[in-house]
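*Asks:* The file below is protein.txt, compact mmCIF, C-alpha atoms:
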# COMPACT_ATOMS: atom_id res chain seq x y z
CA MET A 842 7.01 -42.01 -16.18
CA PRO A 843 7.61 -39.70 -19.18
CA ILE A 844 4.98 -37.13 -18.25
CA SER A 845 6.54 -34.49 -20.53
CA ASN A 846 5.82 -36.61 -23.61
CA LEU A 847 2.43 -37.87 -22.52
CA PRO A 848 -0.38 -35.98 -24.30
CA MET A 849 -2.89 -34.29 -22.03
CA GLY A 850 -6.48 -33.20 -22.51
CA GLN A 851 -7.04 -35.66 -25.33
CA VAL A 852 -10.34 -35.44 -27.22
CA ASN A 853 -12.07 -38.71 -28.14
CA ALA A 854 -13.80 -37.41 -31.30
CA HIS A 855 -14.15 -34.31 -33.43
CA VAL A 856 -17.79 -33.29 -33.78
CA GLY A 857 -19.22 -30.93 -36.38
CA ASP A 858 -22.45 -28.96 -36.41
CA GLU A 859 -24.42 -31.10 -38.87
CA LEU A 860 -26.24 -34.32 -38.04
CA VAL A 861 -24.36 -37.19 -39.69
CA MET A 862 -26.01 -40.35 -41.03
CA ARG A 863 -23.55 -43.27 -41.29
CA VAL A 864 -24.35 -46.26 -43.45
CA GLY A 865 -23.47 -49.62 -41.93
CA ILE A 866 -20.95 -51.58 -44.01
CA PRO A 867 -20.94 -55.35 -43.28
CA HIS A 868 -17.49 -55.98 -44.79
CA LYS A 869 -13.95 -54.68 -44.35
CA GLY A 870 -13.93 -53.50 -47.96
CA GLY A 871 -15.31 -54.47 -51.35
CA LYS A 872 -18.08 -53.23 -53.61
CA LEU A 873 -20.44 -52.01 -50.89
CA ALA A 874 -17.72 -49.84 -49.37
CA PHE A 875 -16.85 -48.60 -52.86
CA HIS A 876 -20.50 -47.71 -53.46
CA ALA A 877 -20.58 -45.78 -50.18
CA PHE A 878 -17.45 -43.92 -51.30
CA ASN A 879 -18.93 -43.08 -54.71
CA SER A 880 -22.14 -41.90 -53.05
CA GLY A 881 -20.39 -39.79 -50.42
CA TYR A 882 -21.83 -41.73 -47.48
CA PRO A 883 -19.97 -41.73 -44.14
CA ALA A 884 -19.84 -45.29 -42.81
CA MET A 885 -19.89 -47.46 -39.71
CA VAL A 886 -18.07 -50.80 -39.72
CA SER A 887 -17.99 -53.48 -37.04
CA ALA A 888 -14.75 -54.77 -35.54
CA ASN A 889 -16.16 -58.22 -36.23
CA ALA A 890 -15.66 -57.62 -39.98
CA PHE A 891 -11.90 -57.75 -39.39
CA TRP A 892 -11.86 -60.71 -36.98
CA ASN A 893 -10.52 -64.08 -38.13
CA PRO A 894 -11.77 -66.68 -35.62
CA LYS A 895 -9.49 -69.42 -36.97
CA LYS A 896 -6.39 -67.30 -36.46
CA GLY A 897 -7.72 -65.70 -33.29
CA GLN A 898 -6.69 -62.26 -34.50
CA PHE A 899 -7.80 -59.25 -36.47
CA VAL A 900 -6.80 -59.17 -40.12
CA VAL A 901 -6.32 -55.69 -41.52
CA PRO A 902 -6.01 -55.47 -45.33
CA GLU A 903 -3.22 -53.30 -46.69
CA ALA A 904 -5.64 -51.73 -49.15
CA SER A 905 -9.42 -51.41 -48.90
CA ASP A 906 -12.20 -49.34 -50.45
CA LEU A 907 -13.30 -48.68 -46.88
CA TYR A 908 -10.19 -46.56 -46.28
CA GLU A 909 -11.51 -44.03 -48.82
CA VAL A 910 -14.66 -43.52 -46.74
CA PRO A 911 -14.88 -41.51 -43.48
CA PHE A 912 -15.86 -44.35 -41.15
CA ALA A 913 -16.30 -45.06 -37.45
CA LEU A 914 -15.51 -48.39 -35.79
CA ASP A 915 -18.08 -50.23 -33.67
CA SER A 916 -16.80 -52.63 -31.00
CA ALA A 917 -19.36 -55.30 -32.05
CA GLY A 918 -20.86 -55.75 -28.58
CA PHE A 919 -24.10 -57.29 -29.85
CA VAL A 920 -22.22 -59.85 -31.95
CA ALA A 921 -19.93 -60.67 -29.03
CA VAL A 922 -22.77 -61.27 -26.60
CA SER A 923 -24.69 -63.34 -29.18
CA GLN A 924 -21.64 -65.53 -29.77
CA PHE A 925 -21.11 -65.87 -26.04
CA GLN A 926 -24.68 -67.07 -25.57
CA ALA A 927 -24.34 -69.53 -28.45
CA LYS A 928 -20.81 -70.82 -27.81
CA GLY A 929 -20.03 -70.11 -24.17
CA LYS A 930 -16.98 -68.43 -22.69
CA GLN A 931 -14.76 -66.60 -25.15
CA ALA A 932 -11.02 -65.96 -25.03
CA GLY A 933 -11.12 -62.16 -24.82
CA MET A 934 -12.55 -59.35 -22.71
CA ALA A 935 -14.78 -60.46 -19.83
CA GLY A 936 -14.91 -63.94 -21.38
CA ILE A 937 -17.54 -62.52 -23.74
CA TYR A 938 -15.54 -60.87 -26.50
CA PRO A 939 -13.38 -63.15 -28.65
CA TRP A 940 -10.63 -60.51 -28.70
CA THR A 941 -8.67 -58.79 -25.94
CA ALA A 942 -8.60 -55.07 -25.17
CA ALA A 943 -5.06 -54.94 -26.53
CA GLN A 944 -6.13 -56.54 -29.82
CA TYR A 945 -9.03 -54.13 -30.18
CA LEU A 946 -6.92 -51.06 -29.42
CA GLU A 947 -4.33 -52.24 -31.93
CA LEU A 948 -7.08 -52.59 -34.54
CA ALA A 949 -8.27 -49.04 -33.87
CA SER A 950 -4.71 -47.76 -34.04
CA LEU A 951 -4.08 -49.46 -37.40
CA LEU A 952 -7.40 -48.44 -38.98
CA GLN A 953 -7.39 -44.83 -37.72
CA PRO A 954 -11.19 -44.38 -38.00
CA ASP A 955 -12.95 -41.08 -37.35
CA TRP A 956 -13.61 -42.55 -33.91
CA TYR A 957 -14.08 -45.96 -32.31
CA SER A 958 -16.49 -47.08 -29.63
CA ALA A 959 -15.38 -48.52 -26.32
CA PRO A 960 -16.35 -52.17 -25.75
CA ASP A 961 -19.78 -52.49 -24.14
CA LEU A 962 -22.38 -55.09 -23.27
CA CYS A 963 -25.71 -54.54 -25.01
CA CYS A 964 -29.09 -54.74 -23.30
CA GLU A 965 -31.56 -55.70 -26.04
CA LYS A 966 -34.50 -57.74 -24.75
CA GLU A 967 -33.36 -60.89 -26.56
CA ILE A 968 -29.97 -60.56 -24.85
CA ALA A 969 -30.87 -59.30 -21.38
CA GLY A 970 -34.14 -60.87 -20.26
CA SER A 971 -34.27 -59.50 -16.71
CA GLN A 972 -33.43 -56.34 -14.79
CA ALA A 973 -30.61 -58.21 -13.03
CA GLU A 974 -29.04 -58.97 -16.40
CA VAL A 975 -29.42 -55.36 -17.50
CA ASP A 976 -27.78 -54.17 -14.26
CA PHE A 977 -24.89 -56.59 -14.78
CA ARG A 978 -24.34 -55.37 -18.34
CA ILE A 979 -24.37 -51.72 -17.26
CA ASN A 980 -21.77 -52.39 -14.57
CA ALA A 981 -19.70 -54.49 -16.97
CA THR A 982 -19.80 -51.74 -19.61
CA ALA A 983 -18.24 -49.30 -17.13
CA THR A 984 -15.66 -51.93 -16.12
CA LEU A 985 -14.75 -52.59 -19.76
CA LEU A 986 -14.26 -48.85 -20.27
CA GLU A 987 -11.95 -48.73 -17.25
CA GLY A 988 -9.90 -51.65 -18.57
CA THR A 989 -9.66 -50.11 -22.03
CA LEU A 990 -8.42 -46.79 -20.64
CA GLN A 991 -5.90 -48.56 -18.40
CA THR A 992 -4.47 -50.36 -21.42
CA LEU A 993 -4.44 -47.21 -23.52
CA TYR A 994 -2.68 -45.26 -20.76
CA ALA A 995 0.00 -47.93 -20.39
CA TRP A 996 0.57 -48.01 -24.15
CA GLN A 997 0.82 -44.24 -24.41
CA ASN A 998 3.32 -44.14 -21.57
CA GLU A 999 5.46 -46.73 -23.28
CA LEU A 1000 5.29 -44.96 -26.65
CA ALA A 1001 6.07 -41.63 -25.00
CA LYS A 1002 9.54 -42.94 -24.10
CA THR A 1003 10.60 -42.56 -27.73
CA GLU A 1004 7.99 -40.33 -29.41
CA SER A 1005 6.64 -36.83 -29.01
CA ALA A 1006 3.28 -36.11 -27.40
CA SER A 1007 1.71 -35.30 -30.77
CA VAL A 1008 2.84 -38.62 -32.27
CA VAL A 1009 1.50 -40.51 -29.25
CA ALA A 1010 -1.86 -38.73 -29.46
CA ASN A 1011 -2.23 -39.42 -33.18
CA MET A 1012 -1.32 -43.09 -32.95
CA LEU A 1013 -3.35 -44.07 -29.88
CA LYS A 1014 -6.61 -42.17 -29.43
CA PRO A 1015 -9.21 -42.46 -26.64
CA PRO A 1016 -12.47 -44.32 -27.32
CA VAL A 1017 -16.09 -43.21 -27.43
CA PRO A 1018 -17.87 -44.70 -24.39
CA VAL A 1019 -21.28 -46.28 -24.97
CA VAL A 1020 -24.18 -45.64 -22.59
CA GLN A 1021 -26.25 -48.80 -22.18
CA GLY A 1022 -29.55 -49.83 -20.62
CA PHE A 1023 -33.14 -50.74 -21.29
CA ARG A 1024 -35.28 -48.31 -19.28
CA LYS A 1025 -34.54 -44.62 -19.07
CA SER A 1026 -33.37 -45.01 -15.45
CA ASP A 1027 -30.84 -47.60 -16.65
CA TYR A 1028 -29.33 -45.16 -19.13
CA LEU A 1029 -29.07 -42.43 -16.52
CA ARG A 1030 -27.26 -44.79 -14.13
CA CYS A 1031 -24.93 -45.93 -16.90
CA LEU A 1032 -24.19 -42.33 -17.85
CA ASP A 1033 -23.19 -41.63 -14.24
CA LEU A 1034 -20.91 -44.67 -14.17
CA ILE A 1035 -19.30 -43.73 -17.48
CA TYR A 1036 -18.48 -40.27 -16.20
CA GLU A 1037 -17.27 -41.66 -12.88
CA VAL A 1038 -14.76 -43.80 -14.78
CA TRP A 1039 -13.78 -41.08 -17.24
CA ARG A 1040 -13.13 -38.40 -14.61
CA ARG A 1041 -10.54 -40.64 -12.96
CA TRP A 1042 -8.47 -40.22 -16.13
CA GLU A 1043 -8.69 -36.44 -16.40
CA PRO A 1044 -6.73 -34.28 -17.21
CA TRP A 1045 -4.94 -36.94 -19.30
CA LEU A 1046 -8.27 -37.09 -21.15
CA ALA A 1047 -10.54 -34.17 -21.90
CA PRO A 1048 -14.21 -34.66 -21.01
CA PRO A 1049 -15.73 -36.94 -23.67
CA ARG A 1050 -16.74 -34.96 -26.72
CA LEU A 1051 -18.79 -37.89 -28.02
CA LEU A 1052 -20.74 -40.68 -26.33
CA GLY A 1053 -22.67 -43.53 -27.91
CA LEU A 1054 -26.22 -44.62 -27.11
CA GLY A 1055 -26.61 -48.37 -27.46
CA SER A 1056 -29.40 -50.96 -27.56
CA VAL A 1057 -32.01 -48.71 -29.19
CA CYS A 1058 -32.25 -50.17 -32.69
CA ARG A 1059 -34.89 -52.85 -32.00
CA ARG A 1060 -37.26 -50.99 -29.71
CA ALA A 1061 -40.41 -48.93 -30.04
CA THR A 1062 -39.95 -45.19 -30.08
CA ASP A 1063 -42.84 -44.02 -27.90
CA HIS A 1064 -42.98 -46.29 -24.82
CA PRO A 1065 -42.96 -44.04 -21.69
CA GLU A 1066 -40.24 -46.07 -19.91
CA HIS A 1067 -38.07 -47.72 -22.53
CA GLY A 1068 -39.00 -45.99 -25.79
CA LEU A 1069 -36.32 -44.04 -27.65
CA TYR A 1070 -38.01 -40.70 -27.10
CA ALA A 1071 -38.40 -41.29 -23.35
CA ILE A 1072 -34.70 -42.18 -23.11
CA LEU A 1073 -33.65 -39.08 -25.01
CA GLN A 1074 -35.89 -36.91 -22.86
CA ALA A 1075 -34.37 -38.44 -19.72
CA LEU A 1076 -30.84 -37.84 -20.94
CA ASP A 1077 -31.54 -34.27 -21.98
CA GLY A 1078 -30.49 -32.05 -19.11
CA SER A 1079 -28.09 -34.67 -17.73
CA ILE A 1080 -25.54 -34.29 -20.52
CA PRO A 1081 -22.59 -32.01 -19.79
CA PRO A 1082 -21.97 -29.06 -22.12
CA GLN A 1083 -19.94 -29.79 -25.26
CA THR A 1084 -20.90 -33.48 -25.19
CA SER A 1085 -22.71 -35.00 -28.16
CA PHE A 1086 -24.17 -38.43 -28.84
CA HIS A 1087 -24.04 -41.03 -31.58
CA LEU A 1088 -27.20 -43.17 -31.69
CA PHE A 1089 -26.50 -46.75 -32.74
CA GLY A 1090 -29.07 -48.14 -35.17
CA VAL A 1091 -31.97 -45.72 -34.73
CA LYS A 1092 -35.01 -46.42 -36.90
CA GLY A 1093 -35.27 -44.29 -40.01
CA THR A 1094 -38.78 -43.17 -39.07
CA ALA A 1095 -37.41 -41.58 -35.88
CA LEU A 1096 -34.83 -39.40 -37.62
CA ALA A 1097 -37.18 -36.48 -38.22
CA GLN A 1098 -37.65 -36.20 -34.44
CA VAL A 1099 -34.06 -37.02 -33.48
CA LYS A 1100 -32.70 -34.15 -35.58
CA LYS A 1101 -34.47 -31.68 -33.29
CA LEU A 1102 -32.01 -32.41 -30.49
CA GLY A 1103 -28.89 -30.29 -30.78
CA TRP A 1104 -26.74 -32.76 -28.83
CA ILE A 1105 -27.26 -35.62 -31.31
CA HIS A 1106 -24.22 -35.68 -33.59
CA SER A 1107 -24.77 -38.83 -35.64
CA THR A 1108 -26.53 -42.12 -36.09
CA ASP A 1109 -26.03 -45.24 -38.18
CA SER A 1110 -28.07 -48.10 -39.60
CA MET A 1111 -27.81 -51.49 -41.28
CA ALA A 1112 -31.54 -51.41 -42.04
CA TRP A 1113 -30.86 -50.96 -45.74
CA ASP A 1114 -29.17 -54.38 -45.95
CA VAL A 1115 -31.97 -56.07 -44.01
CA SER A 1116 -34.46 -54.45 -46.38
CA ALA A 1117 -32.52 -55.68 -49.41
CA ARG A 1118 -32.52 -59.25 -48.05
CA ILE A 1119 -36.26 -59.19 -47.33
CA LYS A 1120 -37.10 -57.78 -50.75
CA ALA A 1121 -34.97 -60.42 -52.48
CA HIS A 1122 -36.65 -63.20 -50.51
CA LYS A 1123 -40.16 -61.93 -51.23
CA GLY A 1124 -39.36 -61.26 -54.87
CA GLY A 1125 -37.69 -64.61 -55.40
CA TYR A 1126 -34.51 -63.10 -56.84
CA SER A 1127 -30.84 -63.17 -55.87
CA ASN A 1128 -29.70 -60.57 -53.37
CA THR A 1129 -26.75 -59.43 -55.46
CA LEU A 1130 -24.25 -56.73 -54.52
CA SER A 1131 -25.79 -54.57 -57.21
CA ARG A 1132 -29.27 -54.85 -55.68
CA ARG A 1133 -27.85 -54.24 -52.21
CA SER A 1134 -26.10 -51.11 -53.48
CA GLU A 1135 -29.36 -49.87 -54.98
CA GLU A 1136 -31.13 -50.43 -51.66
CA MET A 1137 -28.33 -48.61 -49.83
CA THR A 1138 -28.89 -45.60 -52.07
CA ARG A 1139 -32.67 -45.71 -51.62
CA TRP A 1140 -32.48 -46.02 -47.82
CA MET A 1141 -29.75 -43.43 -47.33
CA SER A 1142 -31.49 -40.93 -49.62
CA ALA A 1143 -34.64 -41.22 -47.52
CA ALA A 1144 -32.67 -41.01 -44.25
CA CYS A 1145 -30.67 -37.96 -45.35
CA SER A 1146 -33.89 -36.28 -46.42
CA ARG A 1147 -35.35 -36.85 -42.94
CA ILE A 1148 -32.35 -35.33 -41.15
CA ALA A 1149 -31.99 -32.34 -43.49
CA PRO A 1150 -32.56 -29.00 -41.71
CA SER A 1151 -36.05 -27.64 -42.14
CA PRO A 1152 -38.13 -24.76 -40.73
CA GLY A 1153 -39.31 -25.48 -37.21
CA SER A 1154 -36.68 -28.18 -36.56
CA GLN A 1155 -35.17 -26.40 -33.58
CA ILE A 1156 -34.82 -28.23 -30.27
CA ASP A 1157 -38.29 -29.00 -28.97
CA LEU A 1158 -38.55 -31.98 -26.66
CA GLY A 1159 -42.26 -31.41 -26.36
CA LEU A 1160 -42.68 -32.76 -29.86
CA PHE A 1161 -41.54 -36.16 -28.57
CA ALA A 1162 -44.60 -36.43 -26.35
Turn this file's structure into structure tokens for me.
*Replies:*
Amino acid sequence: MPISNLPMGQVNAHVGDELVMRVGIPHKGGKLAFHAFNSGYPAMVSANAFWNPKKGQFVVPEASDLYEVPFALDSAGFVAVSQFQAKGKQAGMAGIYPWTAAQYLELASLLQPDWYSAPDLCCEKEIAGSQAEVDFRINATATLLEGTLQTLYAWQNELAKTESASVVANMLKPPVPVVQGFRKSDYLRCLDLIYEVWRRWEPWLAPPRLLGLGSVCRRATDHPEHGLYAILQALDGSIPPQTSFHLFGVKGTALAQVKKLGWIHSTDSMAWDVSARIKAHKGGYSNTLSRRSEEMTRWMSAACSRIAPSPGSQIDLGLFA
């Protein structure tokens, strides 16, 4: 094994000091991505945007407006589970994803996003209707992370036979694990499992600089057991130093509170596109790309205003109560 050429202490994401709001882009390019570029919005795009089900493979365009935008790549866990429930066993990971771990890692390698999330199984109420299902999805999320790291390690070892450690590290980067659950105790158990898996791969990997928090976009914020604020309070104090979180799909109204937590690095939302669709339906007009772009600007302007630093916005978990 070419240990001398294998990079060590690899970081899964580079995290700055400011809270980042990423706009969800539903396509692998086009006018919406171009509008995000013109507006200076960091983006989040789903792996599903690149998937061609007829070919059974990802299709990566040679040129795309998305490449001009600093974007992160989501593994599309919610879409995968929804398709699994609608269509049955799939050909990829765990029989749930339509693509394999190798296909997904190749996509991440070709796209070179700011970071990419590890495959996970979401726990929204419409997906996981019982505690047994939630427990299964938490365990499976840790197993999927293990399988992804095994594949990545094997690929890096193979590449290290002919390339330097720096080339290997730049071509094949480690993923951002996603912590899943429904109740706050679920998330704490998942966090423990994620770290149990990750530590088996140290010092090849550095401790995760960034983790994702999944399954929080459709829930209330203030429920004492499964509300967003209760989950964040439970996680606070259990997160190792130098580790930050990305919150997937947090409601815009929660951003003013979320920004008070110093370990929250970023969040994303597709709410702007949902809003554009609802407004077009109610107004009886066509939901054109122009109108969707206008709604993107409106929503992101409001979101960025909510996360902007302000007096008294220091860490204060008591304000979540």
*Asks:* Select, from A:Ala877, A:Val861, A:Ala969, A:Val852, the residue with the minimum atom-to-atom distance to Trp1104 (chain A), counting only C-alpha atoms.
*Replies:*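 Closest candidate: A:Val861.
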*Asks:* Would you work out the distance separating CA of Ala921 (chain A) from CA of Pro939 (chain A), expressed in Å to one decimal?
*Replies:*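 Computing it gives 7.0 Å between the two atoms.
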*Asks:* For Ser880 (chain A), which residue among A:Ser1005, A:Thr982, A:Thr941, A:Ser1142 is the nearest when counting only C-alpha atoms?
*Replies:* A:Ser1142
*Asks:* Tell me, in Å to one decimal, how far CA of Met1137 (chain A) is from CA of Leu1054 (chain A).
*Replies:*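 Computing it gives 23.2 Å between the two atoms.
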*Asks:* For each of A:Phe977, A:Trp1113, A:Trp940, A:Phe1086, take the minimum atom-to-atom distance to Val1019 (chain A), counting only C-alpha atoms, then give the residue where this is smallest.
*Replies:*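 Ranked by minimum distance to Val1019 (chain A), first place goes to A:Phe1086.
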*Asks:* Identify the residues around (-34.7, -47.5, -36.8) within a radius of 10 Å, measuring from only C-alpha atoms in the coordinates stated by the file, and give them as an NGL selection string.
*Replies:* :A and (1057-1062 or 1069 or 1089-1096 or 1108-1112)
*Asks:* Using all atoms listed in the file - which residues lie no farther than 8 Å from the point (-22.5, -31.8, -30.6) in the file's frame? Write them as a ChimeraX atom specification.
*Replies:* /A:856-858,1050-1051,1083-1086,1103-1106
*Asks:* Enclose the full set of atoms of region 1118-1137 of chain A listed in the file within a box whose edges lie along x, y and z, apply 6 Å of padding to each of the six sides, and report centre and edge lengths in Å to one decimal as JSON.
*Replies:*
{"center_x": -32.2, "center_y": -56.6, "center_z": -52.3, "size_x": 27.9, "size_y": 28.0, "size_z": 21.9}
*Asks:* Kindly give the distance, in Å, that separates CA of Trp1039 (chain A) and CA of Asp1027 (chain A), rounded to a single decimal.
*Replies:*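 Rounded to one decimal, the two atoms are 18.3 Å apart.
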*Asks:* Neighbouring residues of Val1017 (chain A) were defined as those with any atom within 12 Å, considering only C-alpha atoms; residues of the same chain fewer than 2 positions away were excluded. Please report them as a PyMOL selection string.
*Replies:* chain A and resi 851-856+913-916+949+954-961+986+989-990+1014-1015+1019-1020+1035-1036+1039+1046-1055+1084-1088
*Asks:* Using all atoms listed in the file, which residues sit within 8 Å of Met862 (chain A) once same-chain residues fewer than 3 positions away are excluded, as a ChimeraX atom specification?
*Replies:* /A:882-883,1107-1109,1141,1144-1145
*Asks:* Selection from above, C-alpha atoms, as a PDB file, keeping the file's coordinate frame, can you write it?
*Replies:*
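Listed below is the output, out.pdb:
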ATOM      1  CA  TYR A 882     -21.830 -41.730 -47.480  1.00  0.00           C
ATOM      2  CA  PRO A 883     -19.970 -41.730 -44.140  1.00  0.00           C
ATOM      3  CA  SER A1107     -24.770 -38.830 -35.640  1.00  0.00           C
ATOM      4  CA  THR A1108     -26.530 -42.120 -36.090  1.00  0.00           C
ATOM      5  CA  ASP A1109     -26.030 -45.240 -38.180  1.00  0.00           C
ATOM      6  CA  MET A1141     -29.750 -43.430 -47.330  1.00  0.00           C
ATOM      7  CA  ALA A1144     -32.670 -41.010 -44.250  1.00  0.00           C
ATOM      8  CA  CYS A1145     -30.670 -37.960 -45.350  1.00  0.00           C
TER       9      CYS A1145
END
*Asks:* Can you list, as JSON, numbers by chain, every protein, DNA or RNA residue that comes within 12 Å of Glu909 (chain A) when you count only C-alpha atoms, leaving out same-chain residues fewer than 3 positions away?
*Replies:* {"A": [869, 870, 871, 874, 875, 876, 877, 878, 879, 880, 881, 882, 883, 884, 904, 905, 906, 912, 952, 953, 954, 955]}
*Asks:* Which residues are close to region 894-897 of chain A, i.e. within 12 Å by all atoms listed in the file, leaving aside same-chain residues fewer than 3 positions away? Reply as a ChimeraX atom specification.
*Replies:* /A:889-891,900,924,931-933,938-941,944
*Asks:* Which one is closest to Glu965 (chain A): A:Ala1071, A:Val920, A:Leu951, A:Val1099? Count all atoms listed in the file.
*Replies:* A:Val920
